[in-house]
Structures are given as structure tokens and as C-alpha cells.
Amino acid sequence: IPEMMNNFAFDHVFYTGSTAVGKIIYKMAAEKLVPVTLELGGKSPCVVEEDANIRIAARRIAVTKFSNAGQMCVAPDYILVHATIEGAFIDALKKYVQQFYGKEPESSYSYGKIINEKQFDRIIKYLQDGKMIYGGNFNKEQLYIEPTLLMDVPADTPVMKDEIFGPVLPVIAFNTMEEALAIIQQHKNPLAFYLFSSSGKKEKEWLSKVPFGGGCINNASWHLTNHHLPFGCRGFSGTGQYHVRYSFETFSHKKAVMKTPTWFDPAIKYPPFKGKLKLFKWVIK
């Protein structure tokens with residue numbers, strides 16, 4: 001990357017990857033005043049409110065979190081579920097994970113493997129960061145990690161600090177919105193935010209209080225596929241927008257040009273302005 005940035009002149013730099021590398025690219029681009037679009041990921045929370053449809057929430061979270069074995073930038077990173085429905089939601093989540101991938105996901109056609117040993121070794125360390133309530137099996141030779149659910153996860157553990165990017169899902173109960181917001185604030189400006197609720201009032205309140213790149217109501221991750229929506233980030237999750245026409249706008253420079261006719265050239269535009277200022281100001285409003 002340094003060699004490319006130092007030896008080539010770019011009109012625009014687009015990067016998808018880690019925040020650490022994104023900072024390096026942003027700094028190098030800044031030295032040459034090159035505009036940058038960064039898609040960096042992060043901790044994307046998924047809130048399941050007490051009035052959520054538990055069956056729908058569990059199904060839609062399970063399929064998106066464990067798609068590609070969790071190796072997806074917009075996968076739900078952790079669940080904040082209202083304490084009044086915690087047990088029912090966890091039971092439903094377990095049910096659908098097993099329904100989708102079977103009792104032996106290792107041999108499931110629908111379940112993926114970890115990309116390489118380095119990532120495998122990183123992800124399995126997260127298994128010790130909370131109480132395992134489902135899954136936890138792994139096989140390094142096959143780069144396989146079972147869909148895993150954790151609870152009783154302390155906020156200062158690596159699984160709650162790092163972007164997981166794997167099939168490990170912490171489930172954290174909350175009683176009040178303020179309590180859940182405090183957890184989200186530990187990793188501001190997530191790439192994505194997901195809310196499951198049947199209340200329009202709660203929907204507006206959550207969306208107004210959580211800054212994020214993009215998100216879904218009563219779904220997860222699928223906003224990435226909607227061709228009507230820009231896909232973008234903010235803060236440490238990245239900067240800029242793209243997808244469909246937004247990509248053309250990102251990679252285009254808009255030239256602002258004003259063309260003025262010559263047949264009309266009133267003297268009011270020119271000095272001296274004494275006695276003309278009031279009328280001049282009215283004209284240019």
C-alpha cells in the first residue's frame with residue numbers, strides 16, 4: 001500500500017478493510033489531498049425490544065449472523081435483547097440455528113468455514129469471553145467453528161471490543177434504553193444498526209439516538225442489497241457512501257459552471273453603488 005500511494009497519483013482512493021489499515025491509508029492520502037472512501041466495519045449492534053416478534057427476530061438474526069460463518073462486515077456483532085424476553089429469544093435463536101444448519105453444522109452444505117488459520121486462531125479466543133450457551137465446537141484442520149452463542153459477557157472482554165467477524169454472537173440483556181445505549185456508546189458510530197420492534201415510537205427514538213452508517217428495522221444486513229439505498233459508514237466504521245448511483249457520485253467530480261447571457265447587463269451591478277445598494281441587495285436575494 002505505501003508503495004502504491006507514494007508512486008501513483010490517484011483521483012480517489014477506495015478501501016474496504018480494518019480500521020487500523022484505514023487510518024494509514026487516510027493519512028497517506030491526506031498528504032496528497034486525495035479524497036478517500038473507507039468501509040471499515042466495527043461493532044454493529046442488534047437491539048431486540050420487548051415488543052419484537054421473537055420468531056421473526058430470531059430467524060432473521062440467525063441467518064445473517066451465521067451467513068458465511070459470520071465473516072460479513074454488516075453481520076450483527078452482538079445482541080441487546082430486552083430482559084423480559086431474553087429466555088424466549090435465546091430459545092428461538094437456538095432453534096433456528098439448528099434448523100438452518102442442522103445438529104452438525106460442520107458437514108452442512110449451508111454453513112461456511114473460516115478463511116484462514118490466522119483468523120481461526122483469533123476467533124476461537126473469543127469463546128472464553130463469556131458463558132457458552134450454544135455451540136463452541138471447532139476443528140482447526142477444517143477451519144470450522146460452530147455457530148456459538150455467549151451470554152454473561154463483560155464489557156471489557158476482547159469479544160466486546162473487537163469486530164468479531166466470525167460465528168460468535170454475544171447476547172446481552174437490558175432493562176432500559178439508557179442501559180443499552182451506554183453499551184452501544186462504547187463503540188460509537190457503528191457501520192450498521194438493527195432494531196426489532198413493533199412500535200413506531202420506539203423505532204423513531206432508537207434511530208434518533210444511535211448514529212450509524214446504515215441499518216434495518218425488523219431485519220439485519222439486507223440493507224446492503226437494496227439498490228435504492230446508499231451504503232456508507234461514519235466515524236471509525238469509515239467514511240463516504242457508495243452503491244448504485246452513489247458510487248458514480250463518489251467517483252465523479254462535479255464541475256459547477258454558471259453561464260450568463262450577454263444581452264442583459266444592468267448598470268446596477270457595477271460601481272458606484274451610492275443610492276443603489278438597497279435595490280442591488282433586493283435583486284441578488
# chains A, B, ... in the order shown; residues from 1 in each chain; ligands from 1
>>> residues_around(residues="Glu104 in chain A", least_positions_apart="5", cutoff="10 Å", atoms="only C-alpha atoms", output="VMD selection string")
chain A and resid 98 111 137 146
>>> select_by_dssp(residues="range 96-161 of chain A", states="strand (DSSP E or B)", output="ChimeraX atom specification")
/A:131-134,138-139,144-145,148-151
>>> closest_residue(among="A:Lys161, A:Arg122, A:Lys113, A:Lys201", to="Phe66 in chain A", atoms="only C-alpha atoms")
A:Lys113
>>> residues_around(residues="range 235-250 of chain A", least_positions_apart="5", cutoff="12 Å", atoms="only C-alpha atoms", output="PDB file with N, CA, C and O atoms, in the first residue's frame")
ATOM      1  N   ASP A  11      -6.977   9.868  -8.197  1.00  0.00           N
ATOM      2  CA  ASP A  11      -8.042  10.854  -8.081  1.00  0.00           C
ATOM      3  C   ASP A  11      -8.918  10.563  -6.868  1.00  0.00           C
ATOM      4  O   ASP A  11      -9.498  11.474  -6.282  1.00  0.00           O
ATOM      5  N   HIS A  12      -8.982   9.293  -6.502  1.00  0.00           N
ATOM      6  CA  HIS A  12      -9.816   8.882  -5.374  1.00  0.00           C
ATOM      7  C   HIS A  12      -9.315   7.515  -4.901  1.00  0.00           C
ATOM      8  O   HIS A  12      -8.924   6.675  -5.704  1.00  0.00           O
ATOM      9  N   VAL A  13      -9.344   7.314  -3.590  1.00  0.00           N
ATOM     10  CA  VAL A  13      -8.935   6.032  -3.023  1.00  0.00           C
ATOM     11  C   VAL A  13     -10.137   5.406  -2.311  1.00  0.00           C
ATOM     12  O   VAL A  13     -10.791   6.056  -1.485  1.00  0.00           O
ATOM     13  N   PHE A  14     -10.419   4.169  -2.652  1.00  0.00           N
ATOM     14  CA  PHE A  14     -11.498   3.414  -2.014  1.00  0.00           C
ATOM     15  C   PHE A  14     -10.897   2.197  -1.331  1.00  0.00           C
ATOM     16  O   PHE A  14     -10.165   1.434  -1.955  1.00  0.00           O
ATOM     17  N   TYR A  15     -11.202   2.012  -0.053  1.00  0.00           N
ATOM     18  CA  TYR A  15     -10.613   0.902   0.695  1.00  0.00           C
ATOM     19  C   TYR A  15     -11.672   0.214   1.565  1.00  0.00           C
ATOM     20  O   TYR A  15     -12.453   0.874   2.250  1.00  0.00           O
ATOM     21  N   THR A  16     -11.686  -1.100   1.523  1.00  0.00           N
ATOM     22  CA  THR A  16     -12.510  -1.911   2.418  1.00  0.00           C
ATOM     23  C   THR A  16     -11.575  -2.779   3.248  1.00  0.00           C
ATOM     24  O   THR A  16     -10.750  -3.514   2.688  1.00  0.00           O
ATOM     25  N   GLY A  17     -11.694  -2.694   4.575  1.00  0.00           N
ATOM     26  CA  GLY A  17     -10.824  -3.495   5.429  1.00  0.00           C
ATOM     27  C   GLY A  17     -10.882  -3.028   6.871  1.00  0.00           C
ATOM     28  O   GLY A  17     -11.896  -2.493   7.327  1.00  0.00           O
ATOM     29  N   SER A  18      -9.789  -3.195   7.576  1.00  0.00           N
ATOM     30  CA  SER A  18      -9.749  -2.895   9.006  1.00  0.00           C
ATOM     31  C   SER A  18      -9.593  -1.396   9.263  1.00  0.00           C
ATOM     32  O   SER A  18      -9.078  -0.652   8.429  1.00  0.00           O
ATOM     33  N   THR A  19     -10.014  -0.985  10.453  1.00  0.00           N
ATOM     34  CA  THR A  19      -9.868   0.411  10.858  1.00  0.00           C
ATOM     35  C   THR A  19      -8.391   0.797  10.952  1.00  0.00           C
ATOM     36  O   THR A  19      -8.002   1.904  10.574  1.00  0.00           O
ATOM     37  N   ALA A  20      -7.565  -0.132  11.444  1.00  0.00           N
ATOM     38  CA  ALA A  20      -6.131   0.154  11.607  1.00  0.00           C
ATOM     39  C   ALA A  20      -5.478   0.507  10.273  1.00  0.00           C
ATOM     40  O   ALA A  20      -4.744   1.494  10.157  1.00  0.00           O
ATOM     41  N   VAL A  21      -5.764  -0.295   9.243  1.00  0.00           N
ATOM     42  CA  VAL A  21      -5.184  -0.023   7.921  1.00  0.00           C
ATOM     43  C   VAL A  21      -5.858   1.189   7.287  1.00  0.00           C
ATOM     44  O   VAL A  21      -5.214   1.984   6.592  1.00  0.00           O
ATOM     45  N   GLY A  22      -7.147   1.349   7.553  1.00  0.00           N
ATOM     46  CA  GLY A  22      -7.864   2.511   7.032  1.00  0.00           C
ATOM     47  C   GLY A  22      -7.250   3.819   7.487  1.00  0.00           C
ATOM     48  O   GLY A  22      -7.152   4.785   6.720  1.00  0.00           O
ATOM     49  N   LYS A  23      -6.823   3.876   8.745  1.00  0.00           N
ATOM     50  CA  LYS A  23      -6.173   5.082   9.264  1.00  0.00           C
ATOM     51  C   LYS A  23      -4.879   5.383   8.509  1.00  0.00           C
ATOM     52  O   LYS A  23      -4.569   6.543   8.216  1.00  0.00           O
ATOM     53  N   ILE A  25      -4.095   4.495   5.402  1.00  0.00           N
ATOM     54  CA  ILE A  25      -4.424   4.936   4.049  1.00  0.00           C
ATOM     55  C   ILE A  25      -4.932   6.373   4.062  1.00  0.00           C
ATOM     56  O   ILE A  25      -4.547   7.196   3.224  1.00  0.00           O
ATOM     57  N   TYR A  26      -5.781   6.674   5.036  1.00  0.00           N
ATOM     58  CA  TYR A  26      -6.344   8.026   5.146  1.00  0.00           C
ATOM     59  C   TYR A  26      -5.232   9.063   5.352  1.00  0.00           C
ATOM     60  O   TYR A  26      -5.233  10.142   4.749  1.00  0.00           O
ATOM     61  N   PRO A  35      -9.077  12.513  -2.091  1.00  0.00           N
ATOM     62  CA  PRO A  35     -10.291  12.106  -1.374  1.00  0.00           C
ATOM     63  C   PRO A  35     -10.337  10.595  -1.169  1.00  0.00           C
ATOM     64  O   PRO A  35      -9.821   9.830  -1.999  1.00  0.00           O
ATOM     65  N   VAL A  36     -10.961  10.191  -0.074  1.00  0.00           N
ATOM     66  CA  VAL A  36     -10.945   8.785   0.321  1.00  0.00           C
ATOM     67  C   VAL A  36     -12.350   8.318   0.713  1.00  0.00           C
ATOM     68  O   VAL A  36     -13.101   9.045   1.360  1.00  0.00           O
ATOM     69  N   THR A  37     -12.679   7.099   0.317  1.00  0.00           N
ATOM     70  CA  THR A  37     -13.876   6.416   0.812  1.00  0.00           C
ATOM     71  C   THR A  37     -13.407   5.175   1.556  1.00  0.00           C
ATOM     72  O   THR A  37     -12.651   4.362   1.006  1.00  0.00           O
ATOM     73  N   LEU A  38     -13.828   5.049   2.816  1.00  0.00           N
ATOM     74  CA  LEU A  38     -13.383   3.932   3.646  1.00  0.00           C
ATOM     75  C   LEU A  38     -14.577   3.142   4.159  1.00  0.00           C
ATOM     76  O   LEU A  38     -15.529   3.716   4.682  1.00  0.00           O
ATOM     77  N   GLU A  39     -14.534   1.828   4.002  1.00  0.00           N
ATOM     78  CA  GLU A  39     -15.550   0.937   4.571  1.00  0.00           C
ATOM     79  C   GLU A  39     -14.809  -0.008   5.508  1.00  0.00           C
ATOM     80  O   GLU A  39     -14.106  -0.908   5.067  1.00  0.00           O
ATOM     81  N   LEU A  40     -14.944   0.239   6.832  1.00  0.00           N
ATOM     82  CA  LEU A  40     -14.046  -0.386   7.798  1.00  0.00           C
ATOM     83  C   LEU A  40     -14.711  -1.366   8.768  1.00  0.00           C
ATOM     84  O   LEU A  40     -14.027  -2.055   9.497  1.00  0.00           O
ATOM     85  N   GLY A  41     -16.016  -1.422   8.825  1.00  0.00           N
ATOM     86  CA  GLY A  41     -16.652  -2.375   9.740  1.00  0.00           C
ATOM     87  C   GLY A  41     -16.751  -1.844  11.152  1.00  0.00           C
ATOM     88  O   GLY A  41     -16.838  -0.643  11.381  1.00  0.00           O
ATOM     89  N   GLY A  42     -16.729  -2.733  12.116  1.00  0.00           N
ATOM     90  CA  GLY A  42     -16.838  -2.328  13.515  1.00  0.00           C
ATOM     91  C   GLY A  42     -17.829  -3.173  14.294  1.00  0.00           C
ATOM     92  O   GLY A  42     -18.155  -4.290  13.901  1.00  0.00           O
ATOM     93  N   LYS A  43     -18.325  -2.628  15.392  1.00  0.00           N
ATOM     94  CA  LYS A  43     -19.257  -3.342  16.268  1.00  0.00           C
ATOM     95  C   LYS A  43     -20.688  -2.930  15.933  1.00  0.00           C
ATOM     96  O   LYS A  43     -21.162  -1.879  16.363  1.00  0.00           O
ATOM     97  N   SER A  44     -21.384  -3.733  15.165  1.00  0.00           N
ATOM     98  CA  SER A  44     -22.746  -3.411  14.743  1.00  0.00           C
ATOM     99  C   SER A  44     -23.763  -4.047  15.689  1.00  0.00           C
ATOM    100  O   SER A  44     -23.933  -5.269  15.696  1.00  0.00           O
ATOM    101  N   CYS A  73     -19.122  -7.967   6.845  1.00  0.00           N
ATOM    102  CA  CYS A  73     -18.931  -6.692   7.543  1.00  0.00           C
ATOM    103  C   CYS A  73     -20.203  -6.179   8.195  1.00  0.00           C
ATOM    104  O   CYS A  73     -20.138  -5.465   9.197  1.00  0.00           O
ATOM    105  N   VAL A  74     -21.371  -6.506   7.635  1.00  0.00           N
ATOM    106  CA  VAL A  74     -22.628  -5.998   8.185  1.00  0.00           C
ATOM    107  C   VAL A  74     -23.364  -7.041   9.025  1.00  0.00           C
ATOM    108  O   VAL A  74     -24.538  -6.873   9.350  1.00  0.00           O
ATOM    109  N   GLU A 163     -14.057  -6.187  16.458  1.00  0.00           N
ATOM    110  CA  GLU A 163     -15.049  -6.649  15.486  1.00  0.00           C
ATOM    111  C   GLU A 163     -14.878  -8.158  15.381  1.00  0.00           C
ATOM    112  O   GLU A 163     -13.792  -8.654  15.060  1.00  0.00           O
ATOM    113  N   HIS A 187     -18.706   1.860  21.545  1.00  0.00           N
ATOM    114  CA  HIS A 187     -18.163   1.758  20.184  1.00  0.00           C
ATOM    115  C   HIS A 187     -19.043   2.606  19.281  1.00  0.00           C
ATOM    116  O   HIS A 187     -19.923   2.093  18.578  1.00  0.00           O
ATOM    117  N   LYS A 188     -18.811   3.908  19.307  1.00  0.00           N
ATOM    118  CA  LYS A 188     -19.674   4.863  18.615  1.00  0.00           C
ATOM    119  C   LYS A 188     -19.649   4.683  17.095  1.00  0.00           C
ATOM    120  O   LYS A 188     -18.701   4.157  16.538  1.00  0.00           O
ATOM    121  N   ASN A 189     -20.702   5.165  16.474  1.00  0.00           N
ATOM    122  CA  ASN A 189     -20.796   5.208  15.013  1.00  0.00           C
ATOM    123  C   ASN A 189     -20.579   3.856  14.340  1.00  0.00           C
ATOM    124  O   ASN A 189     -19.701   3.712  13.486  1.00  0.00           O
ATOM    125  N   PRO A 190     -21.364   2.845  14.701  1.00  0.00           N
ATOM    126  CA  PRO A 190     -21.176   1.538  14.068  1.00  0.00           C
ATOM    127  C   PRO A 190     -21.514   1.575  12.580  1.00  0.00           C
ATOM    128  O   PRO A 190     -22.262   2.444  12.109  1.00  0.00           O
ATOM    129  N   LEU A 191     -20.958   0.636  11.848  1.00  0.00           N
ATOM    130  CA  LEU A 191     -21.241   0.531  10.417  1.00  0.00           C
ATOM    131  C   LEU A 191     -22.730   0.281  10.199  1.00  0.00           C
ATOM    132  O   LEU A 191     -23.336   0.833   9.280  1.00  0.00           O
ATOM    133  N   ALA A 192     -23.321  -0.562  11.051  1.00  0.00           N
ATOM    134  CA  ALA A 192     -24.735  -0.887  10.894  1.00  0.00           C
ATOM    135  C   ALA A 192     -25.436  -0.927  12.250  1.00  0.00           C
ATOM    136  O   ALA A 192     -24.801  -1.146  13.289  1.00  0.00           O
ATOM    137  N   PHE A 193     -26.754  -0.726  12.213  1.00  0.00           N
ATOM    138  CA  PHE A 193     -27.579  -0.808  13.420  1.00  0.00           C
ATOM    139  C   PHE A 193     -28.889  -1.486  13.055  1.00  0.00           C
ATOM    140  O   PHE A 193     -29.523  -1.132  12.056  1.00  0.00           O
ATOM    141  N   PRO A 211     -26.225   7.066  16.199  1.00  0.00           N
ATOM    142  CA  PRO A 211     -25.598   7.383  14.915  1.00  0.00           C
ATOM    143  C   PRO A 211     -24.990   6.108  14.317  1.00  0.00           C
ATOM    144  O   PRO A 211     -24.325   5.341  15.024  1.00  0.00           O
ATOM    145  N   PHE A 212     -25.209   5.878  13.026  1.00  0.00           N
ATOM    146  CA  PHE A 212     -24.668   4.672  12.387  1.00  0.00           C
ATOM    147  C   PHE A 212     -24.608   4.888  10.882  1.00  0.00           C
ATOM    148  O   PHE A 212     -25.150   5.856  10.348  1.00  0.00           O
ATOM    149  N   GLY A 213     -23.956   3.957  10.194  1.00  0.00           N
ATOM    150  CA  GLY A 213     -23.828   4.071   8.741  1.00  0.00           C
ATOM    151  C   GLY A 213     -25.114   3.750   8.004  1.00  0.00           C
ATOM    152  O   GLY A 213     -25.623   4.535   7.218  1.00  0.00           O
ATOM    153  N   GLY A 214     -25.660   2.572   8.229  1.00  0.00           N
ATOM    154  CA  GLY A 214     -26.904   2.126   7.606  1.00  0.00           C
ATOM    155  C   GLY A 214     -27.520   1.066   8.495  1.00  0.00           C
ATOM    156  O   GLY A 214     -26.873   0.560   9.410  1.00  0.00           O
ATOM    157  N   HIS A 223     -30.011  -4.394   4.144  1.00  0.00           N
ATOM    158  CA  HIS A 223     -29.933  -3.051   3.546  1.00  0.00           C
ATOM    159  C   HIS A 223     -28.786  -2.956   2.545  1.00  0.00           C
ATOM    160  O   HIS A 223     -28.817  -2.148   1.619  1.00  0.00           O
ATOM    161  N   LEU A 224     -27.789  -3.825   2.723  1.00  0.00           N
ATOM    162  CA  LEU A 224     -26.635  -3.863   1.821  1.00  0.00           C
ATOM    163  C   LEU A 224     -27.052  -4.204   0.389  1.00  0.00           C
ATOM    164  O   LEU A 224     -26.403  -3.796  -0.576  1.00  0.00           O
ATOM    165  N   THR A 225     -28.148  -4.940   0.244  1.00  0.00           N
ATOM    166  CA  THR A 225     -28.577  -5.411  -1.078  1.00  0.00           C
ATOM    167  C   THR A 225     -29.615  -4.507  -1.733  1.00  0.00           C
ATOM    168  O   THR A 225     -29.984  -4.733  -2.890  1.00  0.00           O
ATOM    169  N   ASN A 226     -30.107  -3.505  -1.012  1.00  0.00           N
ATOM    170  CA  ASN A 226     -31.172  -2.648  -1.539  1.00  0.00           C
ATOM    171  C   ASN A 226     -30.582  -1.587  -2.467  1.00  0.00           C
ATOM    172  O   ASN A 226     -29.850  -0.695  -2.028  1.00  0.00           O
ATOM    173  N   HIS A 227     -30.917  -1.675  -3.753  1.00  0.00           N
ATOM    174  CA  HIS A 227     -30.287  -0.781  -4.729  1.00  0.00           C
ATOM    175  C   HIS A 227     -30.805   0.650  -4.664  1.00  0.00           C
ATOM    176  O   HIS A 227     -30.311   1.526  -5.381  1.00  0.00           O
ATOM    177  N   HIS A 228     -31.794   0.893  -3.832  1.00  0.00           N
ATOM    178  CA  HIS A 228     -32.276   2.259  -3.655  1.00  0.00           C
ATOM    179  C   HIS A 228     -31.482   3.017  -2.578  1.00  0.00           C
ATOM    180  O   HIS A 228     -31.614   4.237  -2.478  1.00  0.00           O
ATOM    181  N   LEU A 229     -30.709   2.282  -1.784  1.00  0.00           N
ATOM    182  CA  LEU A 229     -30.049   2.881  -0.627  1.00  0.00           C
ATOM    183  C   LEU A 229     -28.544   3.051  -0.835  1.00  0.00           C
ATOM    184  O   LEU A 229     -27.893   2.170  -1.406  1.00  0.00           O
ATOM    185  N   PRO A 230     -27.976   4.142  -0.352  1.00  0.00           N
ATOM    186  CA  PRO A 230     -26.511   4.245  -0.332  1.00  0.00           C
ATOM    187  C   PRO A 230     -25.963   3.356   0.768  1.00  0.00           C
ATOM    188  O   PRO A 230     -26.614   3.149   1.786  1.00  0.00           O
ATOM    189  N   LYS A 255     -18.459  19.458 -11.746  1.00  0.00           N
ATOM    190  CA  LYS A 255     -17.999  20.804 -12.089  1.00  0.00           C
ATOM    191  C   LYS A 255     -19.185  21.765 -12.019  1.00  0.00           C
ATOM    192  O   LYS A 255     -20.162  21.603 -12.743  1.00  0.00           O
TER     193      LYS A 255
END
>>> select_by_dssp(residues="range 53-274 of chain A", states="helix (DSSP H, G or I)", output="number ranges by chain")
A: 54-65, 67-70, 83-101, 105-107, 117-128, 158-160, 177-187, 200-209, 222-225, 235-237, 244-250, 267-269
>>> write_last_selection(atoms="C-alpha atoms", output="PDB file, in the first residue's frame")
ATOM      1  CA  ILE A  54     -39.453 -13.072  18.638  1.00  0.00           C
ATOM      2  CA  ARG A  55     -39.786 -15.707  15.920  1.00  0.00           C
ATOM      3  CA  ILE A  56     -39.036 -13.257  13.115  1.00  0.00           C
ATOM      4  CA  ALA A  57     -36.174 -11.635  15.045  1.00  0.00           C
ATOM      5  CA  ALA A  58     -34.520 -14.974  15.805  1.00  0.00           C
ATOM      6  CA  ARG A  59     -34.842 -16.241  12.216  1.00  0.00           C
ATOM      7  CA  ARG A  60     -33.541 -13.085  10.588  1.00  0.00           C
ATOM      8  CA  ILE A  61     -30.672 -12.615  13.012  1.00  0.00           C
ATOM      9  CA  ALA A  62     -29.574 -16.249  12.806  1.00  0.00           C
ATOM     10  CA  VAL A  63     -29.458 -16.332   9.017  1.00  0.00           C
ATOM     11  CA  THR A  64     -27.497 -13.082   8.684  1.00  0.00           C
ATOM     12  CA  LYS A  65     -25.134 -13.524  11.629  1.00  0.00           C
ATOM     13  CA  SER A  67     -24.074 -16.460   6.850  1.00  0.00           C
ATOM     14  CA  ASN A  68     -20.533 -17.083   5.595  1.00  0.00           C
ATOM     15  CA  ALA A  69     -19.720 -18.208   9.152  1.00  0.00           C
ATOM     16  CA  GLY A  70     -20.100 -14.639  10.388  1.00  0.00           C
ATOM     17  CA  ALA A  83     -34.628  -8.729  29.736  1.00  0.00           C
ATOM     18  CA  THR A  84     -38.342  -9.600  29.684  1.00  0.00           C
ATOM     19  CA  ILE A  85     -37.952 -11.715  26.534  1.00  0.00           C
ATOM     20  CA  GLU A  86     -34.330 -12.858  26.906  1.00  0.00           C
ATOM     21  CA  GLY A  87     -35.141 -16.520  27.597  1.00  0.00           C
ATOM     22  CA  ALA A  88     -37.724 -16.864  24.838  1.00  0.00           C
ATOM     23  CA  PHE A  89     -35.481 -15.115  22.337  1.00  0.00           C
ATOM     24  CA  ILE A  90     -32.452 -17.297  23.121  1.00  0.00           C
ATOM     25  CA  ASP A  91     -34.574 -20.448  22.810  1.00  0.00           C
ATOM     26  CA  ALA A  92     -35.850 -19.263  19.419  1.00  0.00           C
ATOM     27  CA  LEU A  93     -32.334 -18.363  18.273  1.00  0.00           C
ATOM     28  CA  LYS A  94     -31.032 -21.826  19.169  1.00  0.00           C
ATOM     29  CA  LYS A  95     -33.994 -23.415  17.394  1.00  0.00           C
ATOM     30  CA  TYR A  96     -33.392 -21.610  14.118  1.00  0.00           C
ATOM     31  CA  VAL A  97     -29.615 -22.009  14.116  1.00  0.00           C
ATOM     32  CA  GLN A  98     -30.171 -25.757  14.393  1.00  0.00           C
ATOM     33  CA  GLN A  99     -32.981 -25.671  11.828  1.00  0.00           C
ATOM     34  CA  PHE A 100     -30.796 -23.835   9.310  1.00  0.00           C
ATOM     35  CA  TYR A 101     -27.518 -25.715   9.796  1.00  0.00           C
ATOM     36  CA  PRO A 105     -23.021 -27.688  11.013  1.00  0.00           C
ATOM     37  CA  GLU A 106     -19.524 -28.976  10.243  1.00  0.00           C
ATOM     38  CA  SER A 107     -20.997 -31.080   7.446  1.00  0.00           C
ATOM     39  CA  GLU A 117      -5.698 -20.171  10.219  1.00  0.00           C
ATOM     40  CA  LYS A 118      -4.828 -16.679  11.382  1.00  0.00           C
ATOM     41  CA  GLN A 119      -8.487 -15.709  11.561  1.00  0.00           C
ATOM     42  CA  PHE A 120      -9.422 -19.076  13.046  1.00  0.00           C
ATOM     43  CA  ASP A 121      -6.937 -18.619  15.898  1.00  0.00           C
ATOM     44  CA  ARG A 122      -8.237 -15.103  16.529  1.00  0.00           C
ATOM     45  CA  ILE A 123     -11.909 -16.094  16.634  1.00  0.00           C
ATOM     46  CA  ILE A 124     -11.658 -19.136  18.930  1.00  0.00           C
ATOM     47  CA  LYS A 125     -10.101 -16.948  21.632  1.00  0.00           C
ATOM     48  CA  TYR A 126     -13.470 -15.198  21.924  1.00  0.00           C
ATOM     49  CA  LEU A 127     -15.100 -18.432  23.102  1.00  0.00           C
ATOM     50  CA  GLN A 128     -13.658 -17.925  26.572  1.00  0.00           C
ATOM     51  CA  PRO A 158     -11.999  -8.781  23.631  1.00  0.00           C
ATOM     52  CA  VAL A 159     -15.227 -10.150  22.138  1.00  0.00           C
ATOM     53  CA  MET A 160     -16.940  -6.892  23.141  1.00  0.00           C
ATOM     54  CA  MET A 177     -32.955   2.111  26.604  1.00  0.00           C
ATOM     55  CA  GLU A 178     -30.375   4.149  28.528  1.00  0.00           C
ATOM     56  CA  GLU A 179     -28.680   0.947  29.668  1.00  0.00           C
ATOM     57  CA  ALA A 180     -28.486  -0.378  26.101  1.00  0.00           C
ATOM     58  CA  LEU A 181     -27.337   2.969  24.707  1.00  0.00           C
ATOM     59  CA  ALA A 182     -24.474   3.045  27.214  1.00  0.00           C
ATOM     60  CA  ILE A 183     -23.198  -0.248  25.777  1.00  0.00           C
ATOM     61  CA  ILE A 184     -23.533   0.984  22.194  1.00  0.00           C
ATOM     62  CA  GLN A 185     -21.687   4.205  23.113  1.00  0.00           C
ATOM     63  CA  GLN A 186     -18.589   2.179  23.954  1.00  0.00           C
ATOM     64  CA  HIS A 187     -18.163   1.758  20.184  1.00  0.00           C
ATOM     65  CA  GLY A 200     -43.214   3.155  15.576  1.00  0.00           C
ATOM     66  CA  LYS A 201     -42.426   5.406  18.546  1.00  0.00           C
ATOM     67  CA  LYS A 202     -39.523   3.201  19.688  1.00  0.00           C
ATOM     68  CA  GLU A 203     -38.305   2.964  16.111  1.00  0.00           C
ATOM     69  CA  LYS A 204     -38.023   6.755  15.801  1.00  0.00           C
ATOM     70  CA  GLU A 205     -36.420   7.061  19.234  1.00  0.00           C
ATOM     71  CA  TRP A 206     -33.737   4.452  18.569  1.00  0.00           C
ATOM     72  CA  LEU A 207     -32.939   5.843  15.125  1.00  0.00           C
ATOM     73  CA  SER A 208     -32.573   9.356  16.516  1.00  0.00           C
ATOM     74  CA  LYS A 209     -30.312   8.316  19.393  1.00  0.00           C
ATOM     75  CA  TRP A 222     -30.192  -6.838   3.974  1.00  0.00           C
ATOM     76  CA  HIS A 223     -29.933  -3.051   3.546  1.00  0.00           C
ATOM     77  CA  LEU A 224     -26.635  -3.863   1.821  1.00  0.00           C
ATOM     78  CA  THR A 225     -28.577  -5.411  -1.078  1.00  0.00           C
ATOM     79  CA  GLY A 235     -16.571   7.650  12.342  1.00  0.00           C
ATOM     80  CA  PHE A 236     -14.302   4.693  12.949  1.00  0.00           C
ATOM     81  CA  SER A 237     -16.505   2.488  10.763  1.00  0.00           C
ATOM     82  CA  VAL A 244     -25.566   2.144  -7.471  1.00  0.00           C
ATOM     83  CA  ARG A 245     -25.792   5.862  -8.387  1.00  0.00           C
ATOM     84  CA  TYR A 246     -23.996   6.811  -5.162  1.00  0.00           C
ATOM     85  CA  SER A 247     -20.885   5.048  -6.485  1.00  0.00           C
ATOM     86  CA  PHE A 248     -20.965   7.195  -9.633  1.00  0.00           C
ATOM     87  CA  GLU A 249     -21.258  10.287  -7.463  1.00  0.00           C
ATOM     88  CA  THR A 250     -18.395   9.162  -5.224  1.00  0.00           C
ATOM     89  CA  ALA A 267     -25.670  49.034 -14.587  1.00  0.00           C
ATOM     90  CA  ILE A 268     -26.894  48.293 -11.055  1.00  0.00           C
ATOM     91  CA  LYS A 269     -24.269  45.529 -10.839  1.00  0.00           C
TER      92      LYS A 269
END
>>> atom_distance(atom1="CA of Pro272 in chain A", atom2="CA of Met258 in chain A")
25.0 Å
>>> atom_distance(atom1="CA of Cys216 in chain A", atom2="CA of Leu195 in chain A")
6.5 Å
>>> closest_residue(among="A:Val283, A:Glu50, A:Ala220, A:Lys278", to="Pro266 in chain A", atoms="only C-alpha atoms")
A:Val283
>>> atom_distance(atom1="CA of Pro76 in chain A", atom2="CA of Cys46 in chain A")
5.9 Å
>>> residues_around(residues="Phe10 in chain A", least_positions_apart="4", cutoff="12 Å", atoms="only C-alpha atoms", output="ChimeraX atom specification")
/A:4-6,14,28-30,32-36,251
